[in-house]
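Colleague: File follows, my_file.txt with compact mmCIF, C-alpha atoms:
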```
# COMPACT_ATOMS: atom_id res chain seq x y z
CA MET G 21 -18.01 17.27 4.85
CA ASN G 22 -15.68 18.95 2.44
CA ALA G 23 -13.98 22.27 3.07
CA THR G 24 -15.01 23.69 -0.29
CA THR G 25 -18.59 22.52 -0.41
CA SER G 26 -21.03 20.89 1.99
CA THR G 27 -20.84 17.72 -0.10
CA THR G 28 -19.10 14.55 1.05
CA VAL G 29 -16.38 13.59 -1.41
CA THR G 30 -15.52 9.90 -1.64
CA CYS G 31 -12.98 7.96 -3.62
CA ASP G 32 -13.14 4.22 -4.24
CA VAL G 33 -10.06 2.82 -5.90
CA SER G 34 -8.67 -0.64 -6.60
CA ILE G 35 -4.97 -0.78 -5.86
CA SER G 36 -2.18 -3.33 -5.78
CA VAL G 37 -0.37 -4.10 -2.52
CA ASP G 38 2.58 -2.12 -3.90
CA GLY G 39 0.45 0.93 -4.57
CA PHE G 40 -0.39 0.89 -8.29
CA VAL G 41 -3.87 1.62 -9.66
CA ALA G 42 -3.02 0.68 -13.25
CA GLY G 43 -0.26 -1.27 -14.92
CA PRO G 44 2.39 0.16 -17.25
CA ASN G 45 1.86 0.87 -20.97
CA GLN G 46 -1.79 1.90 -20.90
CA SER G 47 -3.30 2.12 -24.38
CA GLN G 48 -6.63 2.07 -26.19
CA GLN G 49 -6.26 -1.70 -26.49
CA ASN G 50 -5.23 -2.11 -22.85
CA PRO G 51 -6.69 0.83 -20.90
CA LEU G 52 -5.72 -0.57 -17.49
CA GLY G 53 -2.13 -1.25 -18.54
CA GLU G 54 -0.23 -4.53 -18.33
CA GLY G 55 -1.49 -6.55 -15.40
CA GLY G 56 -4.01 -3.87 -14.52
CA MET G 57 -6.95 -6.28 -14.81
CA LEU G 58 -5.52 -8.14 -11.80
CA LEU G 59 -6.66 -5.18 -9.68
CA HIS G 60 -10.28 -5.62 -10.73
CA GLU G 61 -10.86 -9.36 -10.49
CA TRP G 62 -12.46 -8.89 -7.08
CA HIS G 63 -15.46 -7.06 -8.57
CA ILE G 64 -15.63 -9.12 -11.74
CA ALA G 65 -15.89 -12.31 -9.70
CA PRO G 66 -16.89 -11.12 -6.23
CA GLN G 67 -16.42 -13.38 -3.20
CA GLY G 68 -17.50 -13.01 0.41
CA ASP G 69 -18.16 -9.38 1.31
CA ASP G 70 -17.11 -8.09 -2.11
CA GLN G 71 -20.69 -7.80 -3.43
CA ALA G 72 -21.78 -5.67 -0.48
CA VAL G 73 -18.81 -3.39 -1.10
CA ILE G 74 -19.70 -3.12 -4.79
CA ASP G 75 -23.34 -2.35 -3.99
CA GLU G 76 -22.37 0.46 -1.64
CA TRP G 77 -19.82 1.85 -4.10
CA GLN G 78 -22.37 1.96 -6.92
CA ARG G 79 -25.24 3.29 -4.82
CA ALA G 80 -23.66 6.27 -3.17
CA PRO G 81 -22.62 8.99 -5.61
CA GLY G 82 -24.71 11.82 -6.98
CA ALA G 83 -21.96 12.77 -9.42
CA TYR G 84 -18.50 11.60 -10.48
CA ILE G 85 -15.27 13.38 -11.38
CA MET G 86 -12.64 11.74 -13.55
CA GLY G 87 -9.45 12.70 -15.33
CA ARG G 88 -9.32 12.92 -19.11
CA ASN G 89 -7.18 9.77 -19.30
CA MET G 90 -9.94 7.82 -17.63
CA PHE G 91 -12.46 9.06 -20.19
CA GLY G 92 -10.42 8.22 -23.26
CA PRO G 93 -7.03 7.57 -24.82
CA ASP G 94 -6.98 10.64 -27.08
CA ARG G 95 -4.90 13.72 -26.27
CA GLY G 96 -5.01 17.36 -27.39
CA ASP G 97 -8.10 18.19 -29.45
CA TRP G 98 -11.05 15.94 -28.63
CA ASP G 99 -11.84 12.99 -30.86
CA LEU G 100 -15.58 13.73 -30.96
CA ASP G 101 -16.35 10.19 -32.10
CA TRP G 102 -15.00 8.87 -28.80
CA HIS G 103 -17.83 8.40 -26.29
CA GLY G 104 -15.85 6.75 -23.49
CA TRP G 105 -14.76 3.19 -22.83
CA TRP G 106 -18.13 1.97 -21.67
CA GLY G 107 -20.34 1.50 -24.75
CA ASP G 108 -23.99 2.60 -24.90
CA GLU G 109 -24.66 2.50 -21.17
CA PRO G 110 -21.78 3.67 -18.96
CA PRO G 111 -21.97 2.34 -15.39
CA TYR G 112 -22.45 5.81 -13.86
CA GLY G 113 -26.04 6.91 -14.44
CA VAL G 114 -25.38 10.31 -12.85
CA PRO G 115 -23.50 13.36 -14.16
CA VAL G 116 -19.79 12.79 -14.74
CA PHE G 117 -17.35 15.71 -14.79
CA VAL G 118 -14.25 15.12 -16.91
CA LEU G 119 -11.17 17.24 -16.18
CA GLY G 120 -9.26 18.52 -19.18
CA HIS G 121 -7.84 21.47 -21.02
CA GLN G 122 -9.99 21.49 -24.18
CA PRO G 123 -13.61 22.69 -24.11
CA ARG G 124 -16.28 20.28 -25.32
CA GLU G 125 -20.08 20.25 -25.27
CA PRO G 126 -21.72 17.90 -22.76
CA LEU G 127 -22.11 14.36 -24.09
CA ALA G 128 -25.08 12.15 -23.16
CA VAL G 129 -24.45 8.41 -23.39
CA GLY G 130 -27.34 6.31 -22.11
CA ARG G 131 -28.34 7.59 -18.67
CA THR G 132 -24.97 9.28 -18.14
CA THR G 133 -24.05 12.81 -19.21
CA PHE G 134 -20.36 13.72 -19.37
CA HIS G 135 -19.50 17.37 -18.70
CA PHE G 136 -16.07 18.62 -19.72
CA VAL G 137 -14.44 21.02 -17.26
CA THR G 138 -11.45 23.14 -18.23
CA ASP G 139 -11.07 25.41 -15.22
CA GLY G 140 -9.48 23.03 -12.75
CA ILE G 141 -10.24 20.65 -9.91
CA ASP G 142 -11.94 23.17 -7.61
CA ALA G 143 -14.35 24.27 -10.33
CA ALA G 144 -15.05 20.65 -11.24
CA LEU G 145 -15.82 19.84 -7.62
CA ALA G 146 -18.15 22.82 -7.27
CA ALA G 147 -20.02 21.83 -10.44
CA ALA G 148 -20.19 18.18 -9.41
CA ALA G 149 -21.43 19.07 -5.93
CA GLU G 150 -24.25 21.12 -7.42
CA ALA G 151 -25.16 18.38 -9.89
CA ALA G 152 -25.12 15.74 -7.14
CA ARG G 153 -28.24 17.31 -5.57
CA GLY G 154 -27.28 16.42 -2.03
CA GLY G 155 -25.58 13.15 -2.90
CA ASN G 156 -21.90 12.41 -2.56
CA VAL G 157 -19.36 13.32 -5.20
CA ALA G 158 -17.11 10.39 -6.10
CA ILE G 159 -13.63 10.87 -7.50
CA ALA G 160 -13.46 8.07 -10.07
CA GLY G 161 -9.76 8.25 -11.05
CA GLY G 162 -7.18 7.89 -12.37
CA ALA G 163 -4.17 8.18 -10.12
CA SER G 164 -3.28 11.75 -11.08
CA THR G 165 -6.80 13.02 -10.47
CA ILE G 166 -7.10 11.25 -7.12
CA ASN G 167 -3.67 12.51 -6.07
CA GLN G 168 -4.60 16.10 -6.93
CA TYR G 169 -7.82 15.93 -4.90
CA LEU G 170 -6.05 14.25 -1.96
CA ALA G 171 -3.26 16.84 -1.98
CA ALA G 172 -5.84 19.64 -2.04
CA GLY G 173 -7.58 18.14 1.01
CA HIS G 174 -10.84 17.66 -0.89
CA ILE G 175 -11.40 13.93 -0.29
CA ASP G 176 -13.35 13.05 2.85
CA GLN G 177 -13.41 9.27 2.53
CA LEU G 178 -10.89 7.08 0.77
CA HIS G 179 -12.00 3.50 0.15
CA LEU G 180 -9.07 1.32 -0.86
CA HIS G 181 -9.75 -2.04 -2.44
CA VAL G 182 -6.39 -3.76 -2.14
CA ALA G 183 -5.97 -6.56 -4.68
CA PRO G 184 -3.57 -9.31 -3.53
CA VAL G 185 -0.85 -8.72 -6.09
CA LEU G 186 2.37 -6.79 -6.53
CA LEU G 187 2.46 -5.20 -10.00
CA GLY G 188 6.03 -3.90 -9.74
CA THR G 189 5.37 -0.89 -11.95
CA GLY G 190 2.54 1.25 -13.31
CA GLU G 191 0.48 4.27 -12.24
CA ARG G 192 1.27 4.96 -8.60
CA LEU G 193 -1.35 6.31 -6.23
CA PHE G 194 -0.27 8.87 -3.59
CA ASP G 195 2.69 10.30 -5.54
CA GLY G 196 3.12 13.93 -4.56
CA VAL G 197 0.38 13.90 -1.93
CA GLY G 198 2.82 14.23 0.98
CA ARG G 199 2.14 13.61 4.67
CA LEU G 200 -1.51 12.96 5.46
CA ALA G 201 -3.27 11.39 8.46
CA LEU G 202 -6.04 8.89 7.83
CA LYS G 203 -8.52 7.22 10.16
CA PRO G 204 -9.64 3.63 9.51
CA ILE G 205 -13.43 3.34 9.65
CA GLU G 206 -14.03 -0.20 8.47
CA VAL G 207 -12.00 -3.15 7.24
CA THR G 208 -13.36 -6.21 5.45
CA GLY G 209 -11.71 -8.81 3.30
CA SER G 210 -12.28 -11.59 0.83
CA PRO G 211 -9.81 -13.82 -1.00
CA GLY G 212 -10.03 -11.27 -3.82
CA ALA G 213 -9.38 -8.01 -1.99
CA THR G 214 -8.99 -6.23 1.32
CA HIS G 215 -11.38 -3.31 1.64
CA ILE G 216 -10.26 -0.46 3.89
CA LYS G 217 -12.41 2.62 4.44
CA TYR G 218 -10.49 5.65 5.64
CA ALA G 219 -11.70 9.05 6.77
CA VAL G 220 -9.15 11.58 5.55
CA GLY G 221 -7.66 14.40 7.60
CA MET O 7 7.35 -24.11 3.31
CA ASN O 8 10.27 -22.42 1.67
CA ALA O 9 11.91 -23.62 -1.52
CA THR O 10 15.40 -23.44 -0.04
CA THR O 11 14.74 -24.97 3.35
CA SER O 12 11.86 -26.76 5.06
CA THR O 13 11.45 -23.73 7.33
CA THR O 14 8.53 -21.32 7.09
CA VAL O 15 9.80 -17.80 6.46
CA THR O 16 7.62 -14.95 7.71
CA CYS O 17 7.89 -11.20 7.54
CA ASP O 18 5.97 -8.80 9.75
CA VAL O 19 6.35 -5.18 8.76
CA SER O 20 4.68 -1.90 9.68
CA ILE O 21 4.01 0.17 6.59
CA SER O 22 2.31 3.43 5.67
CA VAL O 23 -0.69 3.44 3.34
CA ASP O 24 1.63 4.84 0.66
CA GLY O 25 4.11 1.99 1.06
CA PHE O 26 6.93 3.31 3.24
CA VAL O 27 8.47 1.32 6.11
CA ALA O 28 10.61 4.20 7.40
CA GLY O 29 10.65 7.95 6.93
CA PRO O 30 13.34 9.93 5.12
CA ASN O 31 16.66 11.00 6.69
CA GLN O 32 17.27 8.02 8.96
CA SER O 33 20.10 8.64 11.43
CA GLN O 34 21.47 7.44 14.75
CA GLN O 35 19.29 10.06 16.44
CA ASN O 36 16.24 9.15 14.38
CA PRO O 37 16.59 5.52 13.26
CA LEU O 38 13.07 5.30 11.82
CA GLY O 39 13.46 8.50 9.80
CA GLU O 40 11.20 11.56 9.89
CA GLY O 41 7.65 10.50 10.66
CA GLY O 42 8.69 6.85 10.94
CA MET O 43 7.39 6.56 14.48
CA LEU O 44 3.88 7.10 13.09
CA LEU O 45 4.13 3.58 11.63
CA HIS O 46 4.66 2.03 15.06
CA GLU O 47 2.10 3.76 17.25
CA TRP O 48 -0.21 0.78 16.84
CA HIS O 49 2.10 -1.49 18.85
CA ILE O 50 3.22 1.17 21.31
CA ALA O 51 -0.39 1.90 22.25
CA PRO O 52 -2.30 -1.17 21.00
CA GLN O 53 -6.07 -1.01 20.53
CA GLY O 54 -8.62 -3.69 19.70
CA ASP O 55 -7.01 -6.71 18.03
CA ASP O 56 -3.53 -5.13 18.00
CA GLN O 57 -2.33 -6.93 21.14
CA ALA O 58 -3.24 -10.33 19.74
CA VAL O 59 -1.31 -9.47 16.59
CA ILE O 60 1.71 -8.39 18.64
CA ASP O 61 1.58 -11.57 20.73
CA GLU O 62 1.57 -13.75 17.64
CA TRP O 63 4.35 -11.73 15.98
CA GLN O 64 6.60 -12.05 19.03
CA ARG O 65 5.82 -15.70 19.71
CA ALA O 66 6.45 -17.24 16.36
CA PRO O 67 10.09 -16.99 15.24
CA GLY O 68 12.96 -19.34 16.01
CA ALA O 69 15.44 -16.95 14.44
CA TYR O 70 15.50 -13.53 12.78
CA ILE O 71 17.33 -12.07 9.80
CA MET O 72 17.95 -8.35 9.46
CA GLY O 73 19.93 -6.01 7.27
CA ARG O 74 22.97 -4.21 8.61
CA ASN O 75 21.11 -0.86 8.60
CA MET O 76 18.57 -2.30 10.98
CA PHE O 77 21.34 -3.38 13.36
CA GLY O 78 23.17 -0.08 13.46
CA PRO O 79 23.95 3.24 11.81
CA ASP O 80 27.66 2.58 11.19
CA ARG O 81 29.00 1.67 7.73
CA GLY O 82 32.17 0.02 6.47
CA ASP O 83 34.30 -1.45 9.28
CA TRP O 84 32.23 -2.41 12.30
CA ASP O 85 32.06 -0.08 15.29
CA LEU O 86 32.62 -2.86 17.83
CA ASP O 87 31.26 -0.69 20.64
CA TRP O 88 27.85 -0.66 18.91
CA HIS O 89 25.63 -3.43 20.30
CA GLY O 90 22.41 -2.59 18.45
CA TRP O 91 19.62 -0.08 19.10
CA TRP O 92 17.95 -2.11 21.83
CA GLY O 93 20.02 -1.72 25.02
CA ASP O 94 20.85 -4.63 27.33
CA GLU O 95 17.91 -6.84 26.38
CA PRO O 96 16.96 -6.76 22.69
CA PRO O 97 13.36 -7.87 22.02
CA TYR O 98 14.39 -10.97 20.04
CA GLY O 99 15.56 -13.65 22.51
CA VAL O 100 16.52 -16.01 19.67
CA PRO O 101 19.46 -15.95 17.25
CA VAL O 102 19.52 -12.94 14.92
CA PHE O 103 21.45 -13.10 11.63
CA VAL O 104 22.69 -9.72 10.41
CA LEU O 105 23.48 -9.34 6.70
CA GLY O 106 26.62 -7.42 5.83
CA HIS O 107 29.91 -7.37 4.03
CA GLN O 108 32.36 -7.20 6.96
CA PRO O 109 33.07 -10.27 9.14
CA ARG O 110 32.48 -9.94 12.86
CA GLU O 111 32.42 -12.38 15.77
CA PRO O 112 28.98 -13.27 17.17
CA LEU O 113 27.73 -10.79 19.75
CA ALA O 114 25.62 -11.83 22.75
CA VAL O 115 23.39 -9.11 24.19
CA GLY O 116 21.07 -10.34 26.95
CA ARG O 117 19.26 -13.44 25.67
CA THR O 118 19.92 -12.54 22.02
CA THR O 119 23.00 -13.50 20.01
CA PHE O 120 23.70 -11.59 16.81
CA HIS O 121 25.51 -13.53 14.07
CA PHE O 122 27.09 -11.57 11.24
CA VAL O 123 26.73 -13.14 7.80
CA THR O 124 28.85 -12.01 4.84
CA ASP O 125 27.98 -14.59 2.20
CA GLY O 126 24.54 -13.39 1.13
CA ILE O 127 20.84 -13.86 1.75
CA ASP O 128 20.68 -17.56 0.86
CA ALA O 129 23.48 -18.43 3.29
CA ALA O 130 21.88 -16.28 5.99
CA LEU O 131 18.57 -18.08 5.49
CA ALA O 132 20.20 -21.50 5.67
CA ALA O 133 22.02 -20.56 8.89
CA ALA O 134 18.89 -19.02 10.42
CA ALA O 135 16.78 -22.04 9.49
CA GLU O 136 19.23 -24.33 11.25
CA ALA O 137 19.39 -22.07 14.29
CA ALA O 138 15.59 -21.85 14.45
CA ARG O 139 15.40 -25.57 15.45
CA GLY O 140 12.11 -26.15 13.69
CA GLY O 141 10.68 -22.69 14.36
CA ASN O 142 9.95 -20.07 11.76
CA VAL O 143 12.54 -17.68 10.44
CA ALA O 144 11.36 -14.06 10.54
CA ILE O 145 12.74 -11.43 8.19
CA ALA O 146 12.92 -8.40 10.48
CA GLY O 147 13.78 -5.68 7.94
CA GLY O 148 14.57 -3.15 6.69
CA ALA O 149 13.02 -2.50 3.31
CA SER O 150 16.03 -3.56 1.25
CA THR O 151 16.38 -6.87 3.10
CA ILE O 152 12.68 -7.67 2.83
CA ASN O 153 12.68 -6.73 -0.87
CA GLN O 154 15.63 -9.04 -1.55
CA TYR O 155 13.97 -11.99 0.17
CA LEU O 156 10.65 -11.30 -1.56
CA ALA O 157 12.30 -11.03 -4.97
CA ALA O 158 14.13 -14.31 -4.35
CA GLY O 159 10.85 -16.05 -3.51
CA HIS O 160 12.00 -16.91 0.00
CA ILE O 161 9.16 -15.36 2.02
CA ASP O 162 6.18 -17.64 2.67
CA GLN O 163 4.00 -15.28 4.72
CA LEU O 164 3.95 -11.50 4.58
CA HIS O 165 2.15 -9.79 7.45
CA LEU O 166 1.51 -6.14 6.67
CA HIS O 167 0.58 -3.80 9.50
CA VAL O 168 -0.76 -0.79 7.64
CA ALA O 169 -0.60 2.38 9.74
CA PRO O 170 -3.23 4.98 8.79
CA VAL O 171 -0.90 7.62 7.44
CA LEU O 172 0.67 8.76 4.19
CA LEU O 173 4.36 9.59 4.75
CA GLY O 174 4.98 10.97 1.26
CA THR O 175 8.61 9.84 1.18
CA GLY O 176 11.03 7.45 2.87
CA GLU O 177 12.14 3.83 2.52
CA ARG O 178 9.77 2.13 0.10
CA LEU O 179 8.82 -1.52 0.47
CA PHE O 180 8.44 -3.64 -2.69
CA ASP O 181 10.83 -1.62 -4.88
CA GLY O 182 12.41 -3.98 -7.39
CA VAL O 183 10.36 -6.99 -6.34
CA GLY O 184 8.34 -7.08 -9.55
CA ARG O 185 5.09 -8.96 -10.24
CA LEU O 186 4.10 -11.31 -7.43
CA ALA O 187 0.80 -12.98 -6.53
CA LEU O 188 -0.31 -12.94 -2.90
CA LYS O 189 -3.17 -14.68 -1.14
CA PRO O 190 -4.97 -12.98 1.76
CA ILE O 191 -5.26 -15.30 4.76
CA GLU O 192 -6.63 -13.01 7.44
CA VAL O 193 -7.57 -9.35 7.83
CA THR O 194 -8.15 -7.53 11.10
CA GLY O 195 -8.15 -3.89 12.00
CA SER O 196 -8.05 -1.40 14.81
CA PRO O 197 -8.07 2.41 14.77
CA GLY O 198 -4.26 2.14 14.83
CA ALA O 199 -3.59 -0.26 11.97
CA THR O 200 -4.99 -2.69 9.45
CA HIS O 201 -3.36 -6.12 9.72
CA ILE O 202 -3.27 -8.18 6.53
CA LYS O 203 -1.72 -11.65 6.45
CA TYR O 204 -0.71 -12.81 3.00
CA ALA O 205 0.60 -16.14 1.79
CA VAL O 206 3.16 -15.40 -0.92
CA GLY O 207 3.37 -17.14 -4.29
```
Please re-express this file's structure in structure tokens.
Modeller:
Amino acid sequence: MNATTSTTVTCDVSISVDGFVAGPNQSQQNPLGEGGMLLHEWHIAPQGDDQAVIDEWQRAPGAYIMGRNMFGPDRGDWDLDWHGWWGDEPPYGVPVFVLGHQPREPLAVGRTTFHFVTDGIDAALAAAAEAARGGNVAIAGGASTINQYLAAGHIDQLHLHVAPVLLGTGERLFDGVGRLALKPIEVTGSPGATHIKYAVG
Amino acid sequence: MNATTSTTVTCDVSISVDGFVAGPNQSQQNPLGEGGMLLHEWHIAPQGDDQAVIDEWQRAPGAYIMGRNMFGPDRGDWDLDWHGWWGDEPPYGVPVFVLGHQPREPLAVGRTTFHFVTDGIDAALAAAAEAARGGNVAIAGGASTINQYLAAGHIDQLHLHVAPVLLGTGERLFDGVGRLALKPIEVTGSPGATHIKYAVG
């Protein structure tokens, strides 16, 4: 359970062996950065236990939180024509809270409604916990958002999906988080990824 | 098998979840750096599969290679009174090749003889492969030595022992290695560490 709310906060993230969650030079054309797709092959072409991991990941959350960069490539004032990377039916299906600095009305796309939060990570977590109606809140990414929630002590379970590649450069998870004890709960692996569930703190 | 020799080159290394193999501020008093001992608790107090992992790690090599920093804290001209961190019986028991820039006669300590190599990582590997008499060569560390051998494509198997802690800072593995594909061979875990065996390349 989380210190701020009674909601369990989880974070599933695909990561390279050298600690990157996206490659360098992210852009609208290449949102995961150069080489970033290598981190996600395990759930595009699941092997072994991968499908069970995917099923659990998708089933659990009652709400998501993501950083603005994960919602879209625009900066500053919102491009109101941008409805996210995911087309007409984003893969969330529950409320998604997008961190940012510019107010925007909620945006419904398919079964998913995006809510835009401008008053910080604690406020976003409180709103997401309420919207989750007893379900978990999942921190969706990217690196900066996950790092902020880890550093604040708000993440209860960190599920790393370690893709078997060194990227060499890109968006680094854990930067600025500092010293933190974890507790392994479960480890499984396939040729495509090693899945490690940690309880945090 | 390795491109340079017909010897299999392995590397076992304990690493934090955020990618550090030693803490910051390493010194003669604190050779693993601040918090570095947290990476090694799994083999000081093994649980579950840890002992089997330790047994395999210790059994395999015919020779070791290590960087000068792993042999001792002195720099520049050798302190000839320094015989390594390990007392009268170092835990190697096979020839150990120490990379450095200053010549020094071989040093026998208990069942282990340290050979000091000044002509680079390829020469050290060739000498270690010959000394290993058909056994594996193990790259013992530290981070800089492992990174050099990884970048050169000389490591065949990388065995990561991931301790459940974020250190926040310290000696980072994989810096400068660049893009590299790995292949998971085996994954096991205990409350103390997650053990991932990778084939490299």
Colleague: Output as a ChimeraX atom specification the set of chain G residues within 8 Å of chain O, with distances taken over only C-alpha atoms.
Modeller: /G:38-39,184-189,193-214,216,218
Colleague: Calculated over only C-alpha atoms, which of the candidates O:Tyr70, O:Tyr98, O:Phe103, O:Trp63 has the smallest distance to Thr118 of chain O?
Modeller: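 Distance minimum relative to Thr118 of chain O lands on O:Tyr98.
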Colleague: Excluding Gly140 of chain G and its own-chain neighbours fewer than 3 positions away, which residues fall within 10 Å of it when counting all atoms listed in the file? Please give them as a ChimeraX atom specification.
Modeller: /G:119-121,137,143-145
Colleague: Please provide as a list in words all residues within 7 Å of Leu59 of chain G, with the sequence filter that same-chain residues fewer than 5 positions apart are discarded (counting all atoms listed in the file).
Modeller: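 Selected residues are Ser34, Ile35, Ser36 and Ala183 of chain G.
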Colleague: Quick one: distance from atom CA of His103 of chain G to atom CA of Pro126 of chain G in Å, one decimal?
Modeller: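 According to the coordinates, atom CA of His103 of chain G and atom CA of Pro126 of chain G are separated by 10.9 Å.
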Colleague: Using the atoms already present, construct N, CA, C and O atoms for segment 40-55 of chain G and hand them back as a PDB file, in the coordinates of the input.
Modeller:
```pdb
ATOM      1  N   PHE G  40      -0.064   0.476  -6.916  1.00  0.00           N
ATOM      2  CA  PHE G  40      -0.390   0.890  -8.290  1.00  0.00           C
ATOM      3  C   PHE G  40      -1.883   0.718  -8.565  1.00  0.00           C
ATOM      4  O   PHE G  40      -2.497  -0.253  -8.137  1.00  0.00           O
ATOM      5  N   VAL G  41      -2.447   1.686  -9.310  1.00  0.00           N
ATOM      6  CA  VAL G  41      -3.870   1.620  -9.660  1.00  0.00           C
ATOM      7  C   VAL G  41      -4.071   1.290 -11.135  1.00  0.00           C
ATOM      8  O   VAL G  41      -5.203   1.159 -11.592  1.00  0.00           O
ATOM      9  N   ALA G  42      -2.986   1.163 -11.870  1.00  0.00           N
ATOM     10  CA  ALA G  42      -3.020   0.680 -13.250  1.00  0.00           C
ATOM     11  C   ALA G  42      -1.627   0.143 -13.558  1.00  0.00           C
ATOM     12  O   ALA G  42      -0.645   0.550 -12.926  1.00  0.00           O
ATOM     13  N   GLY G  43      -1.558  -0.755 -14.524  1.00  0.00           N
ATOM     14  CA  GLY G  43      -0.260  -1.270 -14.920  1.00  0.00           C
ATOM     15  C   GLY G  43       0.444  -0.334 -15.883  1.00  0.00           C
ATOM     16  O   GLY G  43      -0.098   0.712 -16.270  1.00  0.00           O
ATOM     17  N   PRO G  44       1.643  -0.678 -16.296  1.00  0.00           N
ATOM     18  CA  PRO G  44       2.390   0.160 -17.250  1.00  0.00           C
ATOM     19  C   PRO G  44       1.846  -0.008 -18.669  1.00  0.00           C
ATOM     20  O   PRO G  44       1.113  -0.947 -18.964  1.00  0.00           O
ATOM     21  N   ASN G  45       2.188   0.943 -19.540  1.00  0.00           N
ATOM     22  CA  ASN G  45       1.860   0.870 -20.970  1.00  0.00           C
ATOM     23  C   ASN G  45       0.362   0.832 -21.226  1.00  0.00           C
ATOM     24  O   ASN G  45      -0.133  -0.017 -21.963  1.00  0.00           O
ATOM     25  N   GLN G  46      -0.362   1.781 -20.613  1.00  0.00           N
ATOM     26  CA  GLN G  46      -1.790   1.900 -20.900  1.00  0.00           C
ATOM     27  C   GLN G  46      -1.995   2.325 -22.346  1.00  0.00           C
ATOM     28  O   GLN G  46      -1.219   3.126 -22.879  1.00  0.00           O
ATOM     29  N   SER G  47      -3.031   1.808 -22.974  1.00  0.00           N
ATOM     30  CA  SER G  47      -3.300   2.120 -24.380  1.00  0.00           C
ATOM     31  C   SER G  47      -4.781   1.913 -24.645  1.00  0.00           C
ATOM     32  O   SER G  47      -5.521   1.421 -23.785  1.00  0.00           O
ATOM     33  N   GLN G  48      -5.209   2.275 -25.848  1.00  0.00           N
ATOM     34  CA  GLN G  48      -6.630   2.070 -26.190  1.00  0.00           C
ATOM     35  C   GLN G  48      -6.984   0.590 -26.136  1.00  0.00           C
ATOM     36  O   GLN G  48      -8.093   0.220 -25.759  1.00  0.00           O
ATOM     37  N   GLN G  49      -6.018  -0.258 -26.515  1.00  0.00           N
ATOM     38  CA  GLN G  49      -6.260  -1.700 -26.490  1.00  0.00           C
ATOM     39  C   GLN G  49      -6.219  -2.247 -25.073  1.00  0.00           C
ATOM     40  O   GLN G  49      -6.828  -3.269 -24.767  1.00  0.00           O
ATOM     41  N   ASN G  50      -5.469  -1.592 -24.202  1.00  0.00           N
ATOM     42  CA  ASN G  50      -5.230  -2.110 -22.850  1.00  0.00           C
ATOM     43  C   ASN G  50      -5.312  -0.940 -21.860  1.00  0.00           C
ATOM     44  O   ASN G  50      -4.310  -0.500 -21.317  1.00  0.00           O
ATOM     45  N   PRO G  51      -6.561  -0.426 -21.654  1.00  0.00           N
ATOM     46  CA  PRO G  51      -6.690   0.830 -20.900  1.00  0.00           C
ATOM     47  C   PRO G  51      -6.221   0.736 -19.450  1.00  0.00           C
ATOM     48  O   PRO G  51      -5.912   1.770 -18.855  1.00  0.00           O
ATOM     49  N   LEU G  52      -6.172  -0.448 -18.882  1.00  0.00           N
ATOM     50  CA  LEU G  52      -5.720  -0.570 -17.490  1.00  0.00           C
ATOM     51  C   LEU G  52      -4.230  -0.864 -17.394  1.00  0.00           C
ATOM     52  O   LEU G  52      -3.688  -1.007 -16.293  1.00  0.00           O
ATOM     53  N   GLY G  53      -3.555  -0.949 -18.549  1.00  0.00           N
ATOM     54  CA  GLY G  53      -2.130  -1.250 -18.540  1.00  0.00           C
ATOM     55  C   GLY G  53      -1.865  -2.731 -18.299  1.00  0.00           C
ATOM     56  O   GLY G  53      -2.761  -3.494 -17.933  1.00  0.00           O
ATOM     57  N   GLU G  54      -0.598  -3.110 -18.473  1.00  0.00           N
ATOM     58  CA  GLU G  54      -0.230  -4.530 -18.330  1.00  0.00           C
ATOM     59  C   GLU G  54      -0.436  -4.987 -16.890  1.00  0.00           C
ATOM     60  O   GLU G  54       0.118  -4.409 -15.961  1.00  0.00           O
ATOM     61  N   GLY G  55      -1.228  -6.023 -16.736  1.00  0.00           N
ATOM     62  CA  GLY G  55      -1.490  -6.550 -15.400  1.00  0.00           C
ATOM     63  C   GLY G  55      -2.574  -5.806 -14.649  1.00  0.00           C
ATOM     64  O   GLY G  55      -2.987  -6.226 -13.565  1.00  0.00           O
TER      65      GLY G  55
END
```
